[in-house]
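Colleague: If you scroll down you'll find the structure; I have some questions about it.
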Amino acid sequence: RGDSWQKTAGLGGYDIMVLKLTNSALPGPKPKLFVTSAIHAREYATTELVTRFAEYLVNHYGTDADATWLIDHHELHFMLHANPDGRKQAETGLSWRKNTNDNYCSFWPNYRGADLNRNFEFSWGCCGGSSGSECDATYRGPSAASEPETQAVQNYVRANFADNRGPDPSDPAPDDTSGVYLDIHSHGKLLLWPWGHTSDPAPNGTQLQTMGRKLAFWNDHSPEQAIGLYPTDGTTDGVGYGELGVASFTYELGTAFFESCSYFEDTIVPDNMPSLIYAAKVVRTPYMTPAGPDALSPALSDGAAAPGVTPGTPVTLQATVNDTRYNNSNGAEPTQNVVAAEVYVDTPPWVTGATAIAMSASDGAFDATV
């Protein structure tokens, strides 16, 4: 399956392992999803959810169409523990958020360290979204990217994504920019996109909002610009979107840092897995695809008995194409009538020579949102 562990390009001998899933037998380049979790140590549900997502992809490869397609035609990168030293502290029973750098607040050991999600270079310390006091929970560190964990994340993002955004704060990334970066946190049931350091919308704010509302359709999180929670600066989406123009989102899972197992199993996993799967599906064109409809419940007629269709057998494919699947709890996403639908068999539409098979509307006309 091409699954492997990779080390990030950490500095000072500090590396963080990343799980990479792809089918190495199929050539690239392939669009990439990068997911970090547990950058705040006490947020337990984040790592377990992302691990479940990776397990779903591997365990269902070859039997589930979505999992197979995602691994065959994409690269899926998971940094399951972005703050491993802090996690060890949290496991002692402490509500540990920061890393464990003894250079800061050393006289008060349980409050030492830097908040890694305030330590990134982009917008570091700019806008009242972090603290300059060493013992505070949101201490941003003495300088931008001072922490080895932050350096490891930044280096990995820069090594895997092209720079598609200009230097001016108002420069948007092109509509066809590829790649998605997700940073998984808890708690609050929020789905956030840049900016967090200003109330001004990001240059790609409308497209980020559209995808955010689509991601929040499944998990019932509140979709909003990050500053709607509170001002933040020096956060992970700075290197992803702010620096490179990669579509970047923050999930705030659930209702507690130390989530109950029952709530995790019964709510967080079933609600968020479809959201993560969708994020992986649209990494090729995240600024375009979410604005269009979803193709749902494809089914073949009786001539297609398991395990597949015998060559030469006539079959009919039916599906529902739906342009209304957004979370509108924080503003309404525009919808549109579906005007066409196409099928591609075996060869994805972006491959040279792929053949489109036009579908027809079951009622005779494409003239509705569903």
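Residues are named by chain letter and number: chains run A, B, ... in the order of the structure tokens, numbers start at 1 in each chain, and ligands are numbered from 1 in the order shown.
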Pull the alpha helix (DSSP H) assignments for stretch 232-292 of chain A out of DSSP run on the backbone, and list those residues as a list of chain:residue names.

Modeller: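 So the alpha helix (DSSP H) residues in stretch 232-292 of chain A would be A:Thr236, A:Asp237, A:Leu244, A:Cys261, A:Ser262, A:Tyr263, A:Val269, A:Pro270, A:Asp271, A:Asn272, A:Met273, A:Pro274, A:Ser275, A:Leu276, A:Ile277, A:Tyr278, A:Ala279, A:Ala280, A:Lys281.
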
Colleague: Go ahead and write the selection's residues with N, CA and C atoms as a short mmCIF file (atom, residue, chain, number, x, y, z; two decimals), in the first residue's frame.

Modeller:
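Output file result_25.cif is given in full below:
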```cif
data_model
loop_
_atom_site.label_atom_id
_atom_site.label_comp_id
_atom_site.auth_asym_id
_atom_site.auth_seq_id
_atom_site.Cartn_x
_atom_site.Cartn_y
_atom_site.Cartn_z
N THR A 236 -0.81 27.28 13.55
CA THR A 236 -0.41 26.35 12.50
C THR A 236 -0.87 26.77 11.12
N ASP A 237 -2.07 27.37 11.03
CA ASP A 237 -2.55 27.72 9.69
C ASP A 237 -1.74 28.85 9.06
N LEU A 244 1.89 29.72 2.45
CA LEU A 244 1.92 28.95 1.20
C LEU A 244 0.62 28.97 0.43
N CYS A 261 -14.81 8.12 27.01
CA CYS A 261 -14.72 7.13 25.94
C CYS A 261 -16.06 6.94 25.24
N SER A 262 -17.14 7.00 25.99
CA SER A 262 -18.45 6.79 25.37
C SER A 262 -18.78 7.91 24.39
N TYR A 263 -18.51 9.15 24.78
CA TYR A 263 -18.79 10.27 23.87
C TYR A 263 -17.87 10.20 22.65
N VAL A 269 -16.21 10.03 16.79
CA VAL A 269 -15.77 9.21 15.66
C VAL A 269 -16.81 9.18 14.53
N PRO A 270 -18.06 8.80 14.78
CA PRO A 270 -19.02 8.74 13.66
C PRO A 270 -19.31 10.08 13.02
N ASP A 271 -19.24 11.18 13.78
CA ASP A 271 -19.51 12.49 13.21
C ASP A 271 -18.34 13.04 12.41
N ASN A 272 -17.12 12.77 12.85
CA ASN A 272 -15.96 13.40 12.23
C ASN A 272 -15.28 12.57 11.15
N MET A 273 -15.46 11.26 11.16
CA MET A 273 -14.85 10.46 10.11
C MET A 273 -15.32 10.86 8.71
N PRO A 274 -16.63 11.05 8.48
CA PRO A 274 -17.04 11.49 7.13
C PRO A 274 -16.48 12.86 6.76
N SER A 275 -16.30 13.73 7.74
CA SER A 275 -15.73 15.05 7.48
C SER A 275 -14.27 14.92 7.04
N LEU A 276 -13.50 14.07 7.71
CA LEU A 276 -12.11 13.86 7.33
C LEU A 276 -12.00 13.19 5.96
N ILE A 277 -12.89 12.24 5.69
CA ILE A 277 -12.88 11.58 4.39
C ILE A 277 -13.16 12.61 3.29
N TYR A 278 -14.12 13.50 3.52
CA TYR A 278 -14.41 14.51 2.52
C TYR A 278 -13.20 15.42 2.31
N ALA A 279 -12.55 15.83 3.38
CA ALA A 279 -11.36 16.69 3.23
C ALA A 279 -10.31 16.02 2.36
N ALA A 280 -10.13 14.71 2.54
CA ALA A 280 -9.16 13.98 1.72
C ALA A 280 -9.61 13.90 0.27
N LYS A 281 -10.91 13.79 0.04
CA LYS A 281 -11.41 13.65 -1.33
C LYS A 281 -11.19 14.90 -2.17
#
```

Colleague: Determine, using only C-alpha atoms, which residues of stretch 217-330 of chain A have any atom at most 10 Å from an atom of stretch 135-151 of chain A, and tabulate each with its shortest atom pair and distance in Å to one decimal place, rows ordered by chain and then rising number, as CSV.

Modeller:
```
residue,atom,partner,partner_atom,distance
A:Thr232,CA,A:Thr138,CA,9.3
A:Asp233,CA,A:Arg140,CA,8.8
A:Gly234,CA,A:Arg140,CA,7.6
A:Thr235,CA,A:Arg140,CA,9.7
A:Thr236,CA,A:Thr150,CA,8.6
```

Colleague: Which of these residues is nearest to A:Leu94, using only C-alpha atoms: A:Glu75, A:Phe257, A:Met211, A:Thr198?

Modeller: A:Phe257

Colleague: For each of A:Pro169, A:Pro31, A:Pro223, A:Gly86, take the minimum atom-to-atom distance to A:Leu70, counting only C-alpha atoms, then give the residue where this is smallest.

Modeller: A:Pro31

Colleague: Please report the interatomic distance between atom CA of A:Ser362 and atom CA of A:Val345 in Å with one decimal.

Modeller: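 Value for the atom CA of A:Ser362-atom CA of A:Val345 distance: 20.5 Å.
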
Colleague: Write out as a VMD selection string the residues lying within 9 Å of A:Pro203, counting only C-alpha atoms and excluding same-chain residues fewer than 6 positions away.

Modeller: chain A and resid 169 to 173

Colleague: DSSP on the backbone: which residues in stretch 102-325 of chain A end up as strand (DSSP E)? Give the answer as JSON, numbers by chain.

Modeller: {"A": [180, 181, 182, 183, 184, 185, 186, 190, 191, 192, 193, 222, 223, 224, 225, 247, 248, 249, 250, 251, 252, 253, 294, 295, 296, 297, 298, 299, 300, 317, 318, 319, 320, 321, 322]}

Colleague: Write a file of the just-selected residues containing N, CA, C and O atoms, as a compact mmCIF listing (two decimals), in the first residue's frame.

Modeller:
```txt
# COMPACT_ATOMS: atom_id res chain seq x y z
N VAL A 180 -4.43 20.27 1.25
CA VAL A 180 -5.21 20.64 2.43
C VAL A 180 -4.39 20.33 3.67
O VAL A 180 -3.74 19.27 3.75
N TYR A 181 -4.41 21.24 4.64
CA TYR A 181 -3.75 21.03 5.93
C TYR A 181 -4.81 21.16 7.03
O TYR A 181 -5.49 22.18 7.12
N LEU A 182 -4.95 20.12 7.84
CA LEU A 182 -5.87 20.11 8.96
C LEU A 182 -5.09 20.02 10.27
O LEU A 182 -4.19 19.19 10.39
N ASP A 183 -5.44 20.87 11.23
CA ASP A 183 -4.87 20.78 12.57
C ASP A 183 -6.03 20.45 13.52
O ASP A 183 -6.98 21.22 13.64
N ILE A 184 -5.94 19.29 14.19
CA ILE A 184 -7.06 18.78 14.97
C ILE A 184 -6.85 19.10 16.45
O ILE A 184 -5.83 18.72 17.04
N HIS A 185 -7.81 19.81 17.02
CA HIS A 185 -7.77 20.24 18.42
C HIS A 185 -9.05 19.80 19.14
O HIS A 185 -9.97 19.26 18.52
N SER A 186 -9.10 20.05 20.43
CA SER A 186 -10.34 19.97 21.21
C SER A 186 -10.20 21.00 22.35
O SER A 186 -9.09 21.35 22.75
N LEU A 190 -16.09 23.30 16.96
CA LEU A 190 -15.91 24.40 16.01
C LEU A 190 -15.15 23.91 14.79
O LEU A 190 -14.33 22.98 14.87
N LEU A 191 -15.42 24.53 13.64
CA LEU A 191 -14.68 24.29 12.41
C LEU A 191 -14.18 25.66 11.94
O LEU A 191 -14.97 26.50 11.51
N LEU A 192 -12.86 25.87 12.03
CA LEU A 192 -12.29 27.21 11.88
C LEU A 192 -11.37 27.30 10.66
O LEU A 192 -10.71 26.33 10.30
N TRP A 193 -11.33 28.50 10.06
CA TRP A 193 -10.42 28.77 8.96
C TRP A 193 -9.78 30.14 9.18
O TRP A 193 -10.26 30.95 9.96
N SER A 222 -19.71 24.33 14.60
CA SER A 222 -20.01 25.68 14.13
C SER A 222 -18.91 26.14 13.18
O SER A 222 -17.75 26.25 13.58
N PRO A 223 -19.23 26.42 11.90
CA PRO A 223 -18.20 26.87 10.96
C PRO A 223 -18.02 28.38 11.04
O PRO A 223 -18.98 29.14 10.89
N GLU A 224 -16.78 28.83 11.25
CA GLU A 224 -16.56 30.26 11.39
C GLU A 224 -15.10 30.61 11.19
O GLU A 224 -14.21 29.76 11.34
N GLN A 225 -14.83 31.87 10.84
CA GLN A 225 -13.46 32.35 10.79
C GLN A 225 -12.85 32.25 12.18
O GLN A 225 -13.51 32.48 13.20
N ALA A 247 -5.12 25.44 1.59
CA ALA A 247 -6.38 25.47 2.32
C ALA A 247 -6.18 24.82 3.68
O ALA A 247 -5.83 23.64 3.77
N SER A 248 -6.38 25.58 4.76
CA SER A 248 -6.04 25.13 6.11
C SER A 248 -7.22 25.33 7.04
O SER A 248 -7.88 26.37 7.02
N PHE A 249 -7.46 24.33 7.90
CA PHE A 249 -8.60 24.35 8.80
C PHE A 249 -8.21 23.79 10.16
O PHE A 249 -7.31 22.94 10.26
N THR A 250 -8.90 24.26 11.18
CA THR A 250 -8.73 23.75 12.55
C THR A 250 -10.05 23.15 13.01
O THR A 250 -11.09 23.81 12.93
N TYR A 251 -10.00 21.91 13.46
CA TYR A 251 -11.14 21.27 14.10
C TYR A 251 -11.00 21.42 15.61
O TYR A 251 -9.92 21.17 16.16
N GLU A 252 -12.07 21.81 16.28
CA GLU A 252 -12.13 21.79 17.74
C GLU A 252 -13.17 20.75 18.12
O GLU A 252 -14.38 20.98 18.08
N LEU A 253 -12.71 19.56 18.47
CA LEU A 253 -13.58 18.41 18.69
C LEU A 253 -14.27 18.46 20.04
O LEU A 253 -13.65 18.84 21.04
N ASP A 294 -22.43 17.13 -4.24
CA ASP A 294 -21.91 15.82 -3.87
C ASP A 294 -22.65 14.75 -4.66
O ASP A 294 -23.87 14.84 -4.86
N ALA A 295 -21.93 13.72 -5.10
CA ALA A 295 -22.55 12.56 -5.74
C ALA A 295 -22.72 11.48 -4.67
O ALA A 295 -21.75 11.03 -4.07
N LEU A 296 -23.96 11.08 -4.45
CA LEU A 296 -24.29 10.22 -3.32
C LEU A 296 -24.95 8.92 -3.77
O LEU A 296 -25.65 8.88 -4.79
N SER A 297 -24.73 7.87 -2.98
CA SER A 297 -25.43 6.59 -3.11
C SER A 297 -25.40 6.02 -4.52
O SER A 297 -26.45 5.63 -5.07
N PRO A 298 -24.23 5.92 -5.14
CA PRO A 298 -24.20 5.30 -6.46
C PRO A 298 -24.59 3.82 -6.36
O PRO A 298 -24.20 3.12 -5.43
N ALA A 299 -25.38 3.36 -7.32
CA ALA A 299 -25.85 1.97 -7.30
C ALA A 299 -25.98 1.47 -8.72
O ALA A 299 -26.41 2.21 -9.62
N LEU A 300 -25.62 0.20 -8.94
CA LEU A 300 -25.74 -0.43 -10.25
C LEU A 300 -26.97 -1.34 -10.29
O LEU A 300 -27.39 -1.88 -9.27
N LEU A 317 -26.32 2.80 -14.00
CA LEU A 317 -25.83 3.44 -12.80
C LEU A 317 -26.79 4.55 -12.39
O LEU A 317 -27.16 5.39 -13.21
N GLN A 318 -27.19 4.55 -11.12
CA GLN A 318 -28.00 5.62 -10.58
C GLN A 318 -27.29 6.26 -9.41
O GLN A 318 -26.56 5.60 -8.67
N ALA A 319 -27.49 7.55 -9.23
CA ALA A 319 -26.91 8.27 -8.10
C ALA A 319 -27.74 9.52 -7.85
O ALA A 319 -28.51 9.96 -8.71
N THR A 320 -27.57 10.09 -6.67
CA THR A 320 -28.17 11.37 -6.34
C THR A 320 -27.08 12.43 -6.32
O THR A 320 -26.02 12.22 -5.73
N VAL A 321 -27.34 13.54 -6.98
CA VAL A 321 -26.38 14.65 -7.03
C VAL A 321 -27.01 15.82 -6.27
O VAL A 321 -28.07 16.31 -6.65
N ASN A 322 -26.33 16.25 -5.19
CA ASN A 322 -26.96 17.14 -4.21
C ASN A 322 -26.06 18.34 -3.93
O ASN A 322 -24.91 18.17 -3.52
```

Colleague: One number please: atom CA of A:Gln207 to atom CA of A:Glu342, in Å, one decimal.

Modeller: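 About the pair atom CA of A:Gln207 and atom CA of A:Glu342: they are 23.7 Å apart.
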
Colleague: Neighbours of A:Thr324 within 8 Å (only C-alpha atoms; same-chain residues fewer than 6 positions away dropped), as a ChimeraX atom specification?

Modeller: /A:293,335,369-370

Colleague: Restricting the output to N, CA, C and O atoms, write the selected residues as a tab-separated table (two decimals), in the first residue's frame.

Modeller:
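Once written, result_29.tsv looks like this:
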```tsv
chain	number	residue	atom	x	y	z
A	293	PRO	N	-21.77	20.20	-6.14
A	293	PRO	CA	-22.59	19.20	-5.47
A	293	PRO	C	-21.81	17.95	-5.10
A	293	PRO	O	-20.69	17.72	-5.57
A	335	THR	N	-26.45	28.04	-2.91
A	335	THR	CA	-26.56	26.80	-3.66
A	335	THR	C	-26.97	27.12	-5.10
A	335	THR	O	-27.28	28.27	-5.43
A	369	THR	N	-31.59	21.80	-7.29
A	369	THR	CA	-30.39	21.68	-6.48
A	369	THR	C	-30.08	20.23	-6.11
A	369	THR	O	-28.96	19.90	-5.73
A	370	VAL	N	-31.10	19.36	-6.20
A	370	VAL	CA	-30.92	17.93	-5.93
A	370	VAL	C	-31.48	17.16	-7.12
A	370	VAL	O	-32.66	17.33	-7.46
```

Colleague: Between A:Leu19, A:Ile357, A:Ala45, A:Val35, which residue has the minimum interatomic distance to A:Ser260, considering only C-alpha atoms?

Modeller: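 Once distances to A:Ser260 are computed over only C-alpha atoms, the minimum belongs to A:Ala45.
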
Colleague: Find the spatial neighbours of stretch 338-341 of chain A, counting only C-alpha atoms, within a cut-off of 6 Å - ignore same-chain residues fewer than 6 positions away - and output them as a ChimeraX atom specification.

Modeller: /A:359,366,368-369

Colleague: Take the residues that were just selected and, keeping N, CA and C atoms, output them as a CSV table (one decimal), in the first residue's frame.

Modeller:
```
chain,number,residue,atom,x,y,z
A,359,MET,N,-24.6,11.5,-17.8
A,359,MET,CA,-25.8,11.0,-17.1
A,359,MET,C,-27.0,11.8,-17.5
A,366,PHE,N,-32.3,18.6,-15.9
A,366,PHE,CA,-31.4,19.1,-14.8
A,366,PHE,C,-31.9,20.5,-14.5
A,368,ALA,N,-32.7,21.5,-10.8
A,368,ALA,CA,-32.9,21.6,-9.3
A,368,ALA,C,-31.6,21.4,-8.6
A,369,THR,N,-31.6,21.8,-7.3
A,369,THR,CA,-30.4,21.7,-6.5
A,369,THR,C,-30.1,20.2,-6.1
```
